[in-house]
Structures are given as C-alpha cells and as structure tokens.
Amino acid sequence: MTMTLGEIHAKKRRYETTFVVCIISFFLPFGIVVFFPRLGILIFPIAGGVSLLAYKSFNDFKVLSNQYKRHYVEAELKKVLPQCVFDPEKGFTEEQVFKTKLLKKHSRYHSEDYLKGDIQGKTFESADVLIQDVRSGGKSSHVVTIFQGRLFIIDFEKRFRQNVYLMPNRVMFSKMYEGMTRVDTESITFNKKFDVYSENHISAFYLLTPHFMEKLMAFSKVAKNTYFGFVKNKMYVAVDTRKDAFDLTMFQPIDVESFEDVKTEVNLIKDLIAMIPS
C-alpha cells in the first residue's frame with residue numbers, strides 16, 4: 001500500500017512524540033526518588049520498560065524512513081529519471097568508491113540509497129556516501145566528517161585520452177596523484193576553485209574548455225565541494241552536500257528540496273556529458 005507524504009509526516013510526528021515522552025519518563029523517576037526514597041525500588045523496572053519503548057520507537061522511525069524512500073522518494077526520482085532503479089538499502093562498496101581516487105579512505109564508511117539509470121544515453125550509478133575519521137586527542141576522541149554526499153559513476157563507450165582529476169582547491173590529496181602533472185588553466189577563478197591533475201597538460205586542456213569549466217563550477221549551486229574524475233571510460237562526480245539526500249531525520253522537517261538538488265545535479269551532469277569531446 002502506497003503511503004502519501006501526509007501519512008508519512010503524521011507517523012513521523014507520532015514517533016517523535018513517543019520518543020520525547022520516553023526520554024522524559026526515563027529521567028522523571030530519578031527526580032521523584034529524591035523526594036520519595038522508598039520508591040527507588042521501582043526505578044529500574046520503569047527505566048527498563050521505557051528504554052525498550054524508546055528503542056522500539058527509534059526502530060519504527062528507521063522503518064518509516066525506508067517506507068518514505070520506497071513510497072515517495074522513488075516516485076519523485078522517476079519524475080527526473082523515468083527508467084531509474086532505486087534501492088535505499090544498497091550502496092557502493094568501499095572498493096568501488098576508493099578506486100575512483102576521488103575520495104580518501106578513513107576509519108568509518110557507509111553507503112546507501114543506490115540509484116541506477118540513464119543520463120543522456122549513458123548508464124550511471126549513484127549512491128549516498130559517508131566517510132568519517134575518528135581522531136583521538138589525549139583521553140578523548142571525536143568524529144570528523146570527511147565527505148557526505150552523492151557519488152555518480154557514468155559509463156562512456158570511449159576512453160578518455162588520458163586520466164584527469166579535479167579536486168577542490170587545498171584538499172590535501174596530492175599523494176594520490178603521484179606521477180601525474182599538476183595543471184593550471186588560464187582561468188584564475190577556476191584555479192582558485194580546483195586543483196587539476198592529469199597525465200599530461202594536453203589532455204587536461206583538451207577536456208577543460210572555457211564553457212566546460214563554467215559548468216564544473218556551476219556545481220557550487222548544490223555543494224561547497226565537488227570532485228571530478230575522467231578516468232579510462234568513466235566519469236566520476238562526487239558532490240559533498242554534507243547531508244543524507246533522502247533520509248528522514250527526527251525533529252527535522254522532511255527535506256523535499258533534496259529532490260530539486262538531485263534534479264540540479266542530474267541536469268549539470270547532462271550538460272557535462274554533452275560537452276565532453278567525442
């Protein structure tokens with residue numbers, strides 16, 4: 001049975017309310033015991049029951065998030081990409097992501113919301129990717145998000161002349177491109193935005209026409225940082241949006257604007273494909 005966005009929103013609010021009530025109910029008995037110590041024996045049974053209810057509410061919310069993706073997100077995606085296949089529980093493997101050489105491996109990795117379809121006659125795959133690093137400082141540690149966004153892998157029939165990578169300026173991945181040439185274009189603005197690595201200058205200049213560079217910089221509409229790779233017969237685009245594109249989040253409004261972001265990304269990729277020299 002298909003759920004409407006209104007029904008999903010109503011369930012979301014119900015689970016959020018239940019979760020808040022559970023949190024309050026968990027701590028309230030401890031306050032009561034201060035004034036009525038004899039009731040202390042009841043704390044642990046109450047806390048245990050409330051914890052189980054909170055856990056169930058949290059799991060129900062995760063199920064609802066998947067239902068939202070299955071019933072609503074998929075339908076919205078098909079408006080942009082009619083023949084696409086969407087699997088919210090599937091993602092890219094670590095090997096698939098890190099062999100692109102766009103993103104560096106760190107201690108935590110997760111991928112979901114797999115999407116496959118056709119853009120401008122080219123087969124593509126896409127998925128949400130989260131890369132985090134756990135960093136320690138003395139007795140404490142903290143988690144740093146390195147990348148959070150979508151990765152696109154687009155297949156071409158023909159190979160690119162040489163491999164070309166574009167990194168956000170000042171991202172310290174230079175060791176990943178040892179043996180390649182750092183290329184500066186004639187555009188000062190572009191050079192401030194991207195570091196370009198290629199197997200030779202000619203291949204980079206052949207690909208990076210002024211109009212093409214304009215389209216690459218247009219990705220700033222949807223993300224602060226975007227990574228590009230033109231490798232063998234594949235084009236890689238990693239868009240660091242710092243959010244999960246389609247997940248429901250507790251106590252946050254449903255982000256229907258994420259569909260517009262994906263639509264913008266797809267349209268920009270269409271433009272890039274159309275401008276790549278044959």
# chains A, B, ... in the order shown; residues from 1 in each chain; ligands from 1

call {"tool": "closest_atom_pairs", "arguments": {"of": "segment 18-98 of chain A", "to": "segment 123-136 of chain A", "cutoff": "12 Å", "atoms": "only C-alpha atoms", "output": "JSON lines"}}
result
{"residue": "A:Leu81", "atom": "CA", "partner": "A:Phe124", "partner_atom": "CA", "distance": 11.0}
{"residue": "A:Gln83", "atom": "CA", "partner": "A:Thr123", "partner_atom": "CA", "distance": 10.8}
{"residue": "A:Cys84", "atom": "CA", "partner": "A:Phe124", "partner_atom": "CA", "distance": 9.5}
{"residue": "A:Val85", "atom": "CA", "partner": "A:Glu125", "partner_atom": "CA", "distance": 9.4}
{"residue": "A:Phe86", "atom": "CA", "partner": "A:Ala127", "partner_atom": "CA", "distance": 9.5}
{"residue": "A:Asp87", "atom": "CA", "partner": "A:Ala127", "partner_atom": "CA", "distance": 9.3}
{"residue": "A:Pro88", "atom": "CA", "partner": "A:Ala127", "partner_atom": "CA", "distance": 8.8}
{"residue": "A:Glu89", "atom": "CA", "partner": "A:Ala127", "partner_atom": "CA", "distance": 10.2}
{"residue": "A:Lys90", "atom": "CA", "partner": "A:Ala127", "partner_atom": "CA", "distance": 8.2}
{"residue": "A:Gly91", "atom": "CA", "partner": "A:Ala127", "partner_atom": "CA", "distance": 5.5}
{"residue": "A:Phe92", "atom": "CA", "partner": "A:Ala127", "partner_atom": "CA", "distance": 6.4}
{"residue": "A:Thr93", "atom": "CA", "partner": "A:Val129", "partner_atom": "CA", "distance": 9.7}
{"residue": "A:Glu94", "atom": "CA", "partner": "A:Val129", "partner_atom": "CA", "distance": 9.5}
{"residue": "A:Gln96", "atom": "CA", "partner": "A:Glu125", "partner_atom": "CA", "distance": 10.9}
{"residue": "A:Val97", "atom": "CA", "partner": "A:Val129", "partner_atom": "CA", "distance": 8.5}
{"residue": "A:Phe98", "atom": "CA", "partner": "A:Ile131", "partner_atom": "CA", "distance": 10.7}

call {"tool": "write_last_selection", "arguments": {"atoms": "N, CA, C and O atoms", "output": "mmCIF file, in the first residue's frame"}}
result
data_model
loop_
_atom_site.group_PDB
_atom_site.id
_atom_site.type_symbol
_atom_site.label_atom_id
_atom_site.label_comp_id
_atom_site.auth_asym_id
_atom_site.auth_seq_id
_atom_site.Cartn_x
_atom_site.Cartn_y
_atom_site.Cartn_z
ATOM 1 N N LEU A 81 14.208 10.842 -13.589
ATOM 2 C CA LEU A 81 14.871 9.755 -14.314
ATOM 3 C C LEU A 81 13.869 8.605 -14.456
ATOM 4 O O LEU A 81 13.847 7.687 -13.631
ATOM 5 N N GLN A 83 13.423 5.835 -16.033
ATOM 6 C CA GLN A 83 13.785 4.419 -16.077
ATOM 7 C C GLN A 83 14.730 4.008 -14.948
ATOM 8 O O GLN A 83 15.324 2.926 -14.999
ATOM 9 N N CYS A 84 14.851 4.843 -13.938
ATOM 10 C CA CYS A 84 15.844 4.560 -12.902
ATOM 11 C C CYS A 84 15.415 3.414 -11.988
ATOM 12 O O CYS A 84 14.232 3.099 -11.856
ATOM 13 N N VAL A 85 16.408 2.798 -11.370
ATOM 14 C CA VAL A 85 16.200 1.772 -10.343
ATOM 15 C C VAL A 85 16.734 2.334 -9.032
ATOM 16 O O VAL A 85 17.877 2.799 -8.974
ATOM 17 N N PHE A 86 15.917 2.295 -7.988
ATOM 18 C CA PHE A 86 16.295 2.876 -6.702
ATOM 19 C C PHE A 86 16.213 1.810 -5.620
ATOM 20 O O PHE A 86 15.202 1.129 -5.477
ATOM 21 N N ASP A 87 17.301 1.650 -4.872
ATOM 22 C CA ASP A 87 17.344 0.684 -3.772
ATOM 23 C C ASP A 87 17.934 1.380 -2.551
ATOM 24 O O ASP A 87 19.149 1.534 -2.446
ATOM 25 N N PRO A 88 17.082 1.813 -1.611
ATOM 26 C CA PRO A 88 17.583 2.590 -0.464
ATOM 27 C C PRO A 88 18.505 1.817 0.470
ATOM 28 O O PRO A 88 19.272 2.421 1.222
ATOM 29 N N GLU A 89 18.444 0.495 0.441
ATOM 30 C CA GLU A 89 19.264 -0.297 1.358
ATOM 31 C C GLU A 89 20.600 -0.721 0.746
ATOM 32 O O GLU A 89 21.442 -1.301 1.421
ATOM 33 N N LYS A 90 20.780 -0.417 -0.515
ATOM 34 C CA LYS A 90 22.019 -0.777 -1.203
ATOM 35 C C LYS A 90 22.884 0.463 -1.380
ATOM 36 O O LYS A 90 22.385 1.581 -1.411
ATOM 37 N N GLY A 91 24.188 0.278 -1.488
ATOM 38 C CA GLY A 91 25.097 1.392 -1.735
ATOM 39 C C GLY A 91 26.317 0.906 -2.490
ATOM 40 O O GLY A 91 26.363 -0.225 -2.982
ATOM 41 N N PHE A 92 27.315 1.760 -2.594
ATOM 42 C CA PHE A 92 28.586 1.371 -3.192
ATOM 43 C C PHE A 92 29.448 0.658 -2.149
ATOM 44 O O PHE A 92 29.407 0.998 -0.965
ATOM 45 N N THR A 93 30.239 -0.284 -2.601
ATOM 46 C CA THR A 93 31.229 -0.888 -1.713
ATOM 47 C C THR A 93 32.384 0.096 -1.523
ATOM 48 O O THR A 93 32.572 1.022 -2.324
ATOM 49 N N GLU A 94 33.156 -0.122 -0.476
ATOM 50 C CA GLU A 94 34.331 0.725 -0.252
ATOM 51 C C GLU A 94 35.285 0.653 -1.439
ATOM 52 O O GLU A 94 35.863 1.665 -1.853
ATOM 53 N N GLN A 96 34.604 0.141 -4.589
ATOM 54 C CA GLN A 96 34.092 0.939 -5.699
ATOM 55 C C GLN A 96 34.395 2.421 -5.514
ATOM 56 O O GLN A 96 34.755 3.119 -6.468
ATOM 57 N N VAL A 97 34.231 2.893 -4.294
ATOM 58 C CA VAL A 97 34.407 4.325 -4.026
ATOM 59 C C VAL A 97 35.877 4.726 -4.058
ATOM 60 O O VAL A 97 36.260 5.692 -4.725
ATOM 61 N N PHE A 98 36.716 3.978 -3.367
ATOM 62 C CA PHE A 98 38.097 4.423 -3.205
ATOM 63 C C PHE A 98 38.964 4.147 -4.426
ATOM 64 O O PHE A 98 40.003 4.787 -4.598
#

call {"tool": "residues_around", "arguments": {"residues": "Gly229 of chain A", "least_positions_apart": "4", "cutoff": "9 Å", "atoms": "only C-alpha atoms", "output": "mmCIF file with N, CA and C atoms, in the first residue's frame"}}
result
data_model
loop_
_atom_site.group_PDB
_atom_site.id
_atom_site.type_symbol
_atom_site.label_atom_id
_atom_site.label_comp_id
_atom_site.auth_asym_id
_atom_site.auth_seq_id
_atom_site.Cartn_x
_atom_site.Cartn_y
_atom_site.Cartn_z
ATOM 1 N N THR A 100 38.094 5.022 -7.266
ATOM 2 C CA THR A 100 37.919 6.201 -8.118
ATOM 3 C C THR A 100 39.052 7.202 -7.926
ATOM 4 N N LYS A 101 39.719 7.137 -6.773
ATOM 5 C CA LYS A 101 40.800 8.060 -6.397
ATOM 6 C C LYS A 101 40.295 9.492 -6.204
ATOM 7 N N LEU A 102 38.981 9.624 -6.045
ATOM 8 C CA LEU A 102 38.439 10.945 -5.717
ATOM 9 C C LEU A 102 38.437 11.173 -4.215
ATOM 10 N N ASN A 163 43.851 10.226 -18.153
ATOM 11 C CA ASN A 163 43.104 10.435 -16.915
ATOM 12 C C ASN A 163 43.281 11.867 -16.416
ATOM 13 N N VAL A 164 42.162 12.463 -15.986
ATOM 14 C CA VAL A 164 42.182 13.828 -15.457
ATOM 15 C C VAL A 164 41.357 13.851 -14.176
ATOM 16 N N TYR A 165 41.922 14.448 -13.119
ATOM 17 C CA TYR A 165 41.216 14.579 -11.840
ATOM 18 C C TYR A 165 41.119 16.051 -11.462
ATOM 19 N N LEU A 166 39.981 16.414 -10.888
ATOM 20 C CA LEU A 166 39.783 17.767 -10.387
ATOM 21 C C LEU A 166 39.388 17.689 -8.920
ATOM 22 N N MET A 167 40.213 18.281 -8.076
ATOM 23 C CA MET A 167 39.980 18.292 -6.635
ATOM 24 C C MET A 167 39.630 19.704 -6.178
ATOM 25 N N LYS A 234 35.208 6.209 -17.776
ATOM 26 C CA LYS A 234 34.228 6.593 -16.763
ATOM 27 C C LYS A 234 34.414 8.048 -16.335
ATOM 28 N N MET A 235 33.285 8.670 -16.016
ATOM 29 C CA MET A 235 33.316 9.990 -15.397
ATOM 30 C C MET A 235 32.799 9.841 -13.969
ATOM 31 N N TYR A 236 33.578 10.331 -13.018
ATOM 32 C CA TYR A 236 33.193 10.290 -11.608
ATOM 33 C C TYR A 236 32.864 11.705 -11.135
ATOM 34 N N VAL A 237 31.760 11.822 -10.415
ATOM 35 C CA VAL A 237 31.385 13.107 -9.825
ATOM 36 C C VAL A 237 30.981 12.853 -8.377
ATOM 37 N N ALA A 238 31.713 13.439 -7.438
ATOM 38 C CA ALA A 238 31.400 13.308 -6.014
ATOM 39 C C ALA A 238 30.973 14.674 -5.490
#

call {"tool": "closest_residue", "arguments": {"among": "A:Thr4, A:Asp118, A:Ile254, A:Asn233", "to": "Lys78 of chain A", "atoms": "only C-alpha atoms"}}
result
A:Asp118

call {"tool": "residues_around", "arguments": {"residues": "Gly179 of chain A", "least_positions_apart": "2", "cutoff": "8 Å", "atoms": "only C-alpha atoms", "output": "compact mmCIF listing (two decimals) with all heavy atoms, in the first residue's frame"}}
result
# COMPACT_ATOMS: atom_id res chain seq x y z
N TYR A 177 47.97 11.33 -6.39
CA TYR A 177 48.19 11.59 -7.81
C TYR A 177 49.68 11.71 -8.14
O TYR A 177 50.07 12.43 -9.04
CB TYR A 177 47.44 12.86 -8.23
CG TYR A 177 45.99 12.81 -7.82
CD1 TYR A 177 45.50 13.66 -6.83
CD2 TYR A 177 45.12 11.87 -8.36
CE1 TYR A 177 44.18 13.59 -6.42
CE2 TYR A 177 43.80 11.79 -7.96
CZ TYR A 177 43.34 12.65 -6.98
OH TYR A 177 42.04 12.57 -6.57
N THR A 181 50.70 15.20 -13.48
CA THR A 181 51.12 16.60 -13.61
C THR A 181 50.05 17.52 -13.03
O THR A 181 48.86 17.36 -13.32
CB THR A 181 51.34 16.96 -15.09
OG1 THR A 181 52.34 16.09 -15.64
CG2 THR A 181 51.79 18.40 -15.23
N GLU A 199 47.68 13.29 -16.67
CA GLU A 199 48.88 12.58 -17.10
C GLU A 199 49.72 13.44 -18.04
O GLU A 199 50.90 13.17 -18.24
CB GLU A 199 48.49 11.25 -17.74
CG GLU A 199 47.87 10.29 -16.71
CD GLU A 199 47.40 8.98 -17.31
OE1 GLU A 199 47.47 8.82 -18.54
OE2 GLU A 199 46.95 8.11 -16.53

call {"tool": "residues_around", "arguments": {"residues": "Leu208 of chain A", "least_positions_apart": "2", "cutoff": "10 Å", "atoms": "only C-alpha atoms", "output": "PyMOL selection string"}}
result
chain A and resi 164+185+196+202-206+210-214+216+275-277

call {"tool": "residues_around", "arguments": {"residues": "Ile119 of chain A", "least_positions_apart": "3", "cutoff": "12 Å", "atoms": "only C-alpha atoms", "output": "PyMOL selection string"}}
result
chain A and resi 80-84+115-116+122-126+152-156+263+265-274

call {"tool": "atom_distance", "arguments": {"atom1": "atom CA of Asn66 of chain A", "atom2": "atom CA of Lys79 of chain A"}}
result
19.2 Å

call {"tool": "closest_residue", "arguments": {"among": "A:Val21, A:Gly49, A:Asp247, A:Gln67", "to": "Glu7 of chain A", "atoms": "only C-alpha atoms"}}
result
A:Gln67

call {"tool": "select_by_dssp", "arguments": {"residues": "segment 149-233 of chain A", "states": "strand (DSSP E or B)", "output": "list in words"}}
result
Gly149, Arg150, Leu151, Phe152, Ile153, Ile154, Asp155, Val164, Tyr165, Leu166, Met167, Pro168, Thr181, Arg182, Val183, Phe194, Asp195, Val196, Tyr197, Ser198, Asn225, Thr226, Tyr227, Phe228, Gly229, Phe230 and Val231 of chain A

call {"tool": "atom_distance", "arguments": {"atom1": "atom CA of Ala223 of chain A", "atom2": "atom CA of Glu112 of chain A"}}
result
18.9 Å

call {"tool": "atom_distance", "arguments": {"atom1": "atom CA of Ile146 of chain A", "atom2": "atom CA of Asn200 of chain A"}}
result
29.0 Å

call {"tool": "residues_around", "arguments": {"residues": "Ser65 of chain A", "least_positions_apart": "3", "cutoff": "8 Å", "atoms": "only C-alpha atoms", "output": "count of residues only"}}
result
6

call {"tool": "residues_around", "arguments": {"residues": "segment 54-58 of chain A", "least_positions_apart": "4", "cutoff": "12 Å", "atoms": "only C-alpha atoms", "output": "compact mmCIF listing (two decimals) with all heavy atoms, in the first residue's frame"}}
result
# COMPACT_ATOMS: atom_id res chain seq x y z
N LYS A 11 2.93 9.97 10.78
CA LYS A 11 3.63 8.90 11.50
C LYS A 11 4.93 9.41 12.10
O LYS A 11 5.30 9.07 13.23
CB LYS A 11 3.93 7.73 10.56
CG LYS A 11 2.82 6.70 10.46
CD LYS A 11 3.34 5.44 9.78
CE LYS A 11 2.33 4.32 9.89
NZ LYS A 11 2.85 3.05 9.33
N LYS A 12 5.62 10.23 11.35
CA LYS A 12 6.89 10.80 11.82
C LYS A 12 6.67 11.58 13.12
O LYS A 12 7.41 11.42 14.09
CB LYS A 12 7.49 11.70 10.74
CG LYS A 12 8.80 12.39 11.10
CD LYS A 12 9.31 13.21 9.92
CE LYS A 12 10.63 13.89 10.22
NZ LYS A 12 10.53 14.93 11.24
N ARG A 13 5.66 12.41 13.14
CA ARG A 13 5.38 13.21 14.34
C ARG A 13 4.99 12.32 15.51
O ARG A 13 5.36 12.59 16.66
CB ARG A 13 4.26 14.21 14.05
CG ARG A 13 4.66 15.31 13.09
CD ARG A 13 3.62 16.39 13.00
NE ARG A 13 3.46 17.09 14.27
CZ ARG A 13 2.59 18.08 14.47
NH1 ARG A 13 1.79 18.47 13.49
NH2 ARG A 13 2.51 18.68 15.63
N ARG A 14 4.26 11.23 15.23
CA ARG A 14 3.85 10.33 16.30
C ARG A 14 5.06 9.64 16.93
O ARG A 14 5.18 9.55 18.16
CB ARG A 14 2.87 9.29 15.76
CG ARG A 14 2.28 8.39 16.84
CD ARG A 14 1.03 7.67 16.40
NE ARG A 14 1.31 6.65 15.40
CZ ARG A 14 0.92 6.74 14.13
NH1 ARG A 14 0.24 7.79 13.70
NH2 ARG A 14 1.19 5.77 13.28
N TYR A 15 5.98 9.17 16.10
CA TYR A 15 7.18 8.51 16.62
C TYR A 15 8.06 9.50 17.39
O TYR A 15 8.66 9.15 18.41
CB TYR A 15 7.98 7.88 15.49
CG TYR A 15 7.29 6.71 14.83
CD1 TYR A 15 7.43 6.46 13.47
CD2 TYR A 15 6.48 5.83 15.56
CE1 TYR A 15 6.80 5.39 12.85
CE2 TYR A 15 5.84 4.76 14.96
CZ TYR A 15 6.00 4.55 13.61
OH TYR A 15 5.37 3.49 13.00
N GLU A 16 8.14 10.72 16.90
CA GLU A 16 8.94 11.74 17.59
C GLU A 16 8.35 12.06 18.96
O GLU A 16 9.08 12.19 19.95
CB GLU A 16 9.00 13.01 16.73
CG GLU A 16 9.87 12.87 15.50
CD GLU A 16 9.72 14.03 14.53
OE1 GLU A 16 8.72 14.78 14.64
OE2 GLU A 16 10.58 14.18 13.64
N THR A 17 7.02 12.16 19.01
CA THR A 17 6.34 12.43 20.28
C THR A 17 6.57 11.30 21.27
O THR A 17 6.87 11.52 22.45
CB THR A 17 4.84 12.64 20.06
OG1 THR A 17 4.64 13.73 19.16
CG2 THR A 17 4.12 12.93 21.38
N THR A 18 6.45 10.07 20.77
CA THR A 18 6.67 8.90 21.63
C THR A 18 8.09 8.89 22.18
O THR A 18 8.32 8.61 23.36
CB THR A 18 6.42 7.60 20.84
OG1 THR A 18 5.09 7.59 20.34
CG2 THR A 18 6.63 6.37 21.72
N PHE A 19 9.04 9.23 21.34
CA PHE A 19 10.45 9.24 21.75
C PHE A 19 10.68 10.28 22.85
O PHE A 19 11.37 10.02 23.84
CB PHE A 19 11.34 9.52 20.55
CG PHE A 19 12.80 9.29 20.80
CD1 PHE A 19 13.32 8.01 20.82
CD2 PHE A 19 13.65 10.36 21.03
CE1 PHE A 19 14.68 7.79 21.06
CE2 PHE A 19 15.00 10.15 21.28
CZ PHE A 19 15.51 8.87 21.29
N VAL A 20 10.10 11.47 22.69
CA VAL A 20 10.26 12.53 23.69
C VAL A 20 9.63 12.11 25.02
O VAL A 20 10.22 12.31 26.09
CB VAL A 20 9.62 13.84 23.19
CG1 VAL A 20 9.56 14.87 24.32
CG2 VAL A 20 10.42 14.41 22.03
N VAL A 21 8.44 11.52 24.95
CA VAL A 21 7.77 11.05 26.17
C VAL A 21 8.62 10.01 26.88
O VAL A 21 8.73 10.00 28.11
CB VAL A 21 6.37 10.49 25.83
CG1 VAL A 21 5.77 9.77 27.04
CG2 VAL A 21 5.45 11.60 25.36
N CYS A 22 9.26 9.14 26.10
CA CYS A 22 10.12 8.11 26.69
C CYS A 22 11.32 8.73 27.41
O CYS A 22 11.68 8.30 28.51
CB CYS A 22 10.62 7.16 25.60
SG CYS A 22 9.35 6.03 24.98
N ILE A 23 11.91 9.73 26.81
CA ILE A 23 13.07 10.39 27.43
C ILE A 23 12.66 11.03 28.75
O ILE A 23 13.35 10.90 29.78
CB ILE A 23 13.67 11.45 26.48
CG1 ILE A 23 14.23 10.78 25.22
CG2 ILE A 23 14.77 12.24 27.19
CD1 ILE A 23 15.34 9.79 25.47
N ILE A 24 11.52 11.73 28.73
CA ILE A 24 11.04 12.37 29.96
C ILE A 24 10.71 11.32 31.01
O ILE A 24 11.06 11.46 32.20
CB ILE A 24 9.80 13.24 29.65
CG1 ILE A 24 10.19 14.41 28.75
CG2 ILE A 24 9.17 13.76 30.95
CD1 ILE A 24 9.01 15.21 28.24
N SER A 25 10.05 10.24 30.57
CA SER A 25 9.65 9.19 31.51
C SER A 25 10.85 8.46 32.09
O SER A 25 10.78 7.91 33.20
CB SER A 25 8.75 8.18 30.79
OG SER A 25 7.58 8.81 30.30
N PHE A 26 11.95 8.45 31.35
CA PHE A 26 13.16 7.77 31.84
C PHE A 26 13.78 8.54 33.01
O PHE A 26 14.19 7.95 34.01
CB PHE A 26 14.17 7.64 30.70
CG PHE A 26 15.44 6.92 31.09
CD1 PHE A 26 15.51 5.54 31.04
CD2 PHE A 26 16.55 7.64 31.53
CE1 PHE A 26 16.68 4.88 31.41
CE2 PHE A 26 17.71 6.98 31.89
CZ PHE A 26 17.78 5.60 31.83
N ALA A 47 12.62 2.29 34.24
CA ALA A 47 13.64 2.72 33.28
C ALA A 47 13.84 1.67 32.19
O ALA A 47 14.00 2.00 31.01
CB ALA A 47 14.95 2.99 34.00
N GLY A 48 13.80 0.40 32.59
CA GLY A 48 13.97 -0.67 31.60
C GLY A 48 12.83 -0.70 30.60
O GLY A 48 13.05 -0.82 29.39
N GLY A 49 11.60 -0.57 31.10
CA GLY A 49 10.44 -0.57 30.20
C GLY A 49 10.44 0.62 29.26
O GLY A 49 10.16 0.48 28.06
N VAL A 50 10.77 1.77 29.81
CA VAL A 50 10.81 2.99 28.98
C VAL A 50 11.91 2.89 27.93
O VAL A 50 11.74 3.30 26.78
CB VAL A 50 11.02 4.23 29.87
CG1 VAL A 50 11.31 5.45 29.01
CG2 VAL A 50 9.78 4.48 30.73
N LYS A 62 13.14 4.30 11.86
CA LYS A 62 14.03 3.85 10.78
C LYS A 62 13.24 3.12 9.70
O LYS A 62 13.49 3.28 8.51
CB LYS A 62 15.13 2.95 11.35
CG LYS A 62 16.15 3.70 12.20
CD LYS A 62 17.13 2.76 12.88
CE LYS A 62 18.02 2.05 11.89
NZ LYS A 62 19.04 1.21 12.58
N VAL A 63 12.27 2.31 10.14
CA VAL A 63 11.41 1.61 9.18
C VAL A 63 10.61 2.62 8.36
O VAL A 63 10.46 2.50 7.14
CB VAL A 63 10.46 0.63 9.91
CG1 VAL A 63 9.41 0.08 8.94
CG2 VAL A 63 11.24 -0.51 10.54
N LEU A 64 10.10 3.65 9.05
CA LEU A 64 9.35 4.70 8.36
C LEU A 64 10.22 5.42 7.34
O LEU A 64 9.76 5.76 6.24
CB LEU A 64 8.80 5.70 9.38
CG LEU A 64 8.02 6.89 8.79
CD1 LEU A 64 6.74 6.39 8.11
CD2 LEU A 64 7.67 7.90 9.88
N SER A 65 11.49 5.65 7.68
CA SER A 65 12.40 6.31 6.76
C SER A 65 12.54 5.49 5.47
O SER A 65 12.53 6.04 4.36
CB SER A 65 13.77 6.50 7.41
OG SER A 65 14.65 7.21 6.55
N LEU A 248 14.90 10.45 6.43
CA LEU A 248 14.12 11.19 7.41
C LEU A 248 14.98 11.38 8.66
O LEU A 248 15.71 10.47 9.06
CB LEU A 248 12.85 10.42 7.80
CG LEU A 248 11.74 10.29 6.75
CD1 LEU A 248 10.55 9.57 7.37
CD2 LEU A 248 11.32 11.64 6.21
N THR A 249 14.89 12.55 9.26
CA THR A 249 15.65 12.84 10.47
C THR A 249 14.69 13.27 11.57
O THR A 249 13.81 14.10 11.33
CB THR A 249 16.68 13.96 10.23
OG1 THR A 249 17.52 13.60 9.12
CG2 THR A 249 17.54 14.19 11.45
N MET A 250 14.86 12.68 12.75
CA MET A 250 13.99 13.05 13.87
C MET A 250 14.08 14.54 14.17
O MET A 250 15.17 15.10 14.22
CB MET A 250 14.35 12.24 15.12
CG MET A 250 13.62 10.93 15.23
SD MET A 250 13.66 10.28 16.92
CE MET A 250 12.58 8.86 16.76

call {"tool": "closest_residue", "arguments": {"among": "A:Gln162, A:Thr226, A:Thr209, A:Thr264", "to": "Lys193 of chain A", "atoms": "only C-alpha atoms"}}
result
A:Thr226
